[in-house]
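> Pasting target.json below, which is JSON, C-alpha atoms.
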```json
[["chain", "number", "residue", "atom", "x", "y", "z"],
["A", 5, "ARG", "CA", 48.39, 126.37, 89.17],
["A", 6, "THR", "CA", 47.07, 127.72, 92.41],
["A", 7, "LEU", "CA", 43.72, 129.43, 92.67],
["A", 8, "GLN", "CA", 45.44, 132.79, 92.73],
["A", 9, "GLY", "CA", 47.07, 131.85, 89.41],
["A", 10, "ILE", "CA", 43.74, 131.44, 87.64],
["A", 11, "GLY", "CA", 42.15, 134.66, 88.83],
["A", 12, "HIS", "CA", 40.40, 133.46, 91.99],
["A", 13, "GLN", "CA", 40.83, 134.72, 95.51],
["A", 14, "PRO", "CA", 42.26, 132.21, 98.02],
["A", 15, "TYR", "CA", 39.47, 130.11, 99.54],
["A", 16, "PHE", "CA", 39.27, 129.72, 103.32],
["A", 17, "ASP", "CA", 37.17, 126.92, 104.82],
["A", 18, "THR", "CA", 34.91, 127.10, 107.89],
["A", 19, "ASP", "CA", 37.98, 126.69, 110.13],
["A", 20, "ASN", "CA", 39.61, 129.68, 108.39],
["A", 21, "GLN", "CA", 42.21, 127.42, 106.80],
["A", 22, "HIS", "CA", 43.54, 127.86, 103.27],
["A", 23, "PHE", "CA", 44.96, 124.96, 101.29],
["A", 24, "PRO", "CA", 46.66, 125.91, 98.01],
["A", 25, "GLU", "CA", 45.39, 123.78, 95.16],
["A", 26, "ASP", "CA", 48.79, 122.32, 94.24],
["A", 27, "LEU", "CA", 49.41, 121.14, 97.82],
["A", 28, "THR", "CA", 45.88, 119.77, 98.10],
["A", 29, "ILE", "CA", 46.36, 117.62, 95.01],
["A", 30, "LYS", "CA", 49.75, 116.38, 96.25],
["A", 31, "ALA", "CA", 48.24, 115.45, 99.64],
["A", 32, "TRP", "CA", 45.34, 113.61, 98.01],
["A", 33, "ILE", "CA", 47.68, 111.56, 95.86],
["A", 34, "GLY", "CA", 49.36, 110.32, 99.05],
["A", 35, "PHE", "CA", 46.00, 109.76, 100.77],
["A", 36, "MET", "CA", 44.68, 107.66, 97.87],
["A", 37, "LYS", "CA", 47.85, 105.57, 97.75],
["A", 38, "GLU", "CA", 48.04, 104.92, 101.49],
["A", 39, "THR", "CA", 44.89, 105.56, 103.50],
["A", 40, "ARG", "CA", 41.47, 106.06, 101.83],
["A", 41, "VAL", "CA", 39.60, 106.06, 105.19],
["A", 42, "HIS", "CA", 36.05, 107.46, 105.31],
["A", 43, "LYS", "CA", 34.53, 108.52, 108.64],
["A", 44, "ALA", "CA", 31.04, 109.76, 109.51],
["A", 45, "MET", "CA", 30.76, 113.26, 110.94],
["A", 46, "HIS", "CA", 34.54, 113.80, 111.05],
["A", 47, "SER", "CA", 35.30, 111.42, 113.92],
["A", 48, "GLY", "CA", 34.98, 107.89, 115.21],
["A", 49, "GLU", "CA", 35.68, 104.63, 113.49],
["A", 50, "GLN", "CA", 36.06, 104.04, 109.79],
["A", 51, "VAL", "CA", 32.63, 103.60, 108.14],
["A", 52, "GLY", "CA", 33.78, 103.20, 104.57],
["A", 53, "GLU", "CA", 36.49, 103.79, 102.05],
["A", 54, "VAL", "CA", 37.27, 106.54, 99.56],
["A", 55, "VAL", "CA", 37.17, 104.80, 96.19],
["A", 56, "PHE", "CA", 37.34, 107.76, 93.78],
["A", 57, "ALA", "CA", 39.03, 111.14, 94.02],
["A", 58, "PHE", "CA", 39.99, 113.68, 91.40],
["A", 59, "PRO", "CA", 40.67, 117.43, 91.26],
["A", 60, "ALA", "CA", 37.65, 119.72, 91.08],
["A", 61, "LYS", "CA", 38.97, 121.55, 88.05],
["A", 62, "GLU", "CA", 36.63, 124.02, 86.39],
["A", 63, "ASP", "CA", 35.99, 121.89, 83.28],
["A", 64, "ILE", "CA", 35.35, 118.72, 85.32],
["A", 65, "VAL", "CA", 32.95, 120.49, 87.69],
["A", 66, "LYS", "CA", 31.10, 122.08, 84.77],
["A", 67, "SER", "CA", 30.70, 118.68, 83.06],
["A", 68, "LEU", "CA", 28.93, 117.47, 86.22],
["A", 69, "GLY", "CA", 26.46, 120.35, 86.06],
["A", 70, "MET", "CA", 27.99, 122.15, 89.03],
["A", 71, "GLN", "CA", 29.64, 125.53, 89.48],
["A", 72, "LEU", "CA", 33.11, 126.02, 90.89],
["A", 73, "GLY", "CA", 32.79, 129.61, 92.06],
["A", 74, "ASP", "CA", 35.77, 130.79, 94.08],
["A", 75, "GLN", "CA", 36.56, 127.33, 95.41],
["A", 76, "SER", "CA", 38.54, 124.34, 94.35],
["A", 77, "GLY", "CA", 39.19, 121.02, 95.94],
["A", 78, "ILE", "CA", 38.77, 117.33, 95.36],
["A", 79, "ILE", "CA", 35.66, 115.49, 94.19],
["A", 80, "VAL", "CA", 35.39, 112.35, 96.30],
["A", 81, "GLY", "CA", 33.39, 109.16, 95.93],
["A", 82, "VAL", "CA", 33.05, 106.90, 98.94],
["A", 83, "GLN", "CA", 31.79, 103.39, 99.52],
["A", 84, "VAL", "CA", 29.97, 103.17, 102.84],
["A", 85, "ALA", "CA", 30.35, 99.85, 104.64],
["A", 86, "SER", "CA", 26.78, 99.46, 105.95],
["A", 87, "ASP", "CA", 23.23, 100.42, 105.03],
["A", 88, "GLU", "CA", 22.69, 101.61, 108.61],
["A", 89, "VAL", "CA", 25.42, 104.26, 108.28],
["A", 90, "LEU", "CA", 24.37, 105.22, 104.75],
["A", 91, "ASN", "CA", 20.74, 105.69, 105.84],
["A", 92, "LYS", "CA", 21.89, 108.20, 108.49],
["A", 93, "PHE", "CA", 23.14, 110.38, 105.64],
["A", 94, "TYR", "CA", 19.88, 109.98, 103.73],
["A", 95, "ASP", "CA", 17.62, 110.75, 106.68],
["A", 96, "GLY", "CA", 19.69, 113.76, 107.77],
["A", 97, "SER", "CA", 21.05, 112.31, 111.02],
["A", 98, "TYR", "CA", 24.54, 112.81, 109.62],
["A", 99, "LYS", "CA", 25.20, 116.23, 108.13],
["A", 100, "GLY", "CA", 28.72, 115.56, 106.90],
["A", 101, "PHE", "CA", 31.53, 113.12, 106.55],
["A", 102, "SER", "CA", 35.27, 113.15, 106.64],
["A", 103, "VAL", "CA", 38.21, 111.39, 105.20],
["A", 104, "GLY", "CA", 40.57, 109.98, 107.81],
["A", 105, "GLY", "CA", 43.49, 112.12, 106.81],
["A", 106, "GLY", "CA", 45.66, 114.46, 108.78],
["A", 107, "ALA", "CA", 47.73, 117.53, 108.13],
["A", 108, "THR", "CA", 50.65, 119.44, 109.52],
["A", 109, "PHE", "CA", 49.97, 123.16, 109.62],
["A", 110, "GLU", "CA", 52.30, 126.12, 109.45],
["A", 111, "ASP", "CA", 51.56, 129.81, 109.36],
["A", 112, "VAL", "CA", 52.57, 131.58, 106.18],
["A", 113, "GLU", "CA", 52.38, 135.19, 105.18]]
```
Here is the file; what I need is its structure written in the form of structure tokens.

Amino acid sequence: RTLQGIGHQPYFDTDNQHFPEDLTIKAWIGFMKETRVHKAMHSGEQVGEVVFAFPAKEDIVKSLGMQLGDQSGIIVGVQVASDEVLNKFYDGSYKGFSVGGGATFEDVE
């Protein structure tokens, strides 16, 4: 089911990109089988590894005490390779992180 199929509007991220839920899950299955790279602040060298990932389905998110809203995605758990890097997340030096995946984009209407 895509988000549209469960009564939600399509979600667009901060780069104005929309990833249908079914394609997101398919891509994450491949990522978890092959890559699992974790990077700090969306660039640079690998700083850890993605060790858990599962769909952010409404019932799963609710069981974690969170709200899904109009979004969906993947809940990710990472293992950071060093305390130095991890502390940069805790002290606010790093405001985000990224998986080391890639995508091929195409315009659709």
> What separation in Å, quoted to one decimal, exists between atom CA of A:Met45 and atom CA of A:Gly100?
5.1 Å
> Within 7 Å of stretch 82-88 of chain A, counting all atoms listed in the file, which residues qualify if same-chain residues fewer than 6 places away don't, as a PyMOL selection string?
chain A and resi 51-56
> With distances taken over all atoms listed in the file, which residue among A:Ser76, A:Gln50, A:Gln71, A:Thr39 lies nearest A:Leu27?
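Closest residue, counting all atoms listed in the file: A:Ser76.
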> Report, in Å to a single decimal, how far apart atom CA of A:Asp19 and atom CA of A:Tyr98 are.
19.3 Å
> Just to confirm, what's the straight-line distance from atom CA of A:His22 to atom CA of A:Met36 in Å (one decimal)?
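Going from atom CA of A:His22 over to atom CA of A:Met36 covers 20.9 Å.
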> Calculated over all atoms listed in the file, which of the candidates A:Ser47, A:Pro59, A:Asn20, A:Lys66 has the smallest distance to A:Trp32?
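Of all the options, A:Pro59 lies closest to A:Trp32.
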> Quick one: residues within 10 Å of (44.9, 112.0, 98.4) (file frame), counting only C-alpha atoms, please, as a PyMOL selection string.
chain A and resi 28-40+54+56-59+78+80+103+105
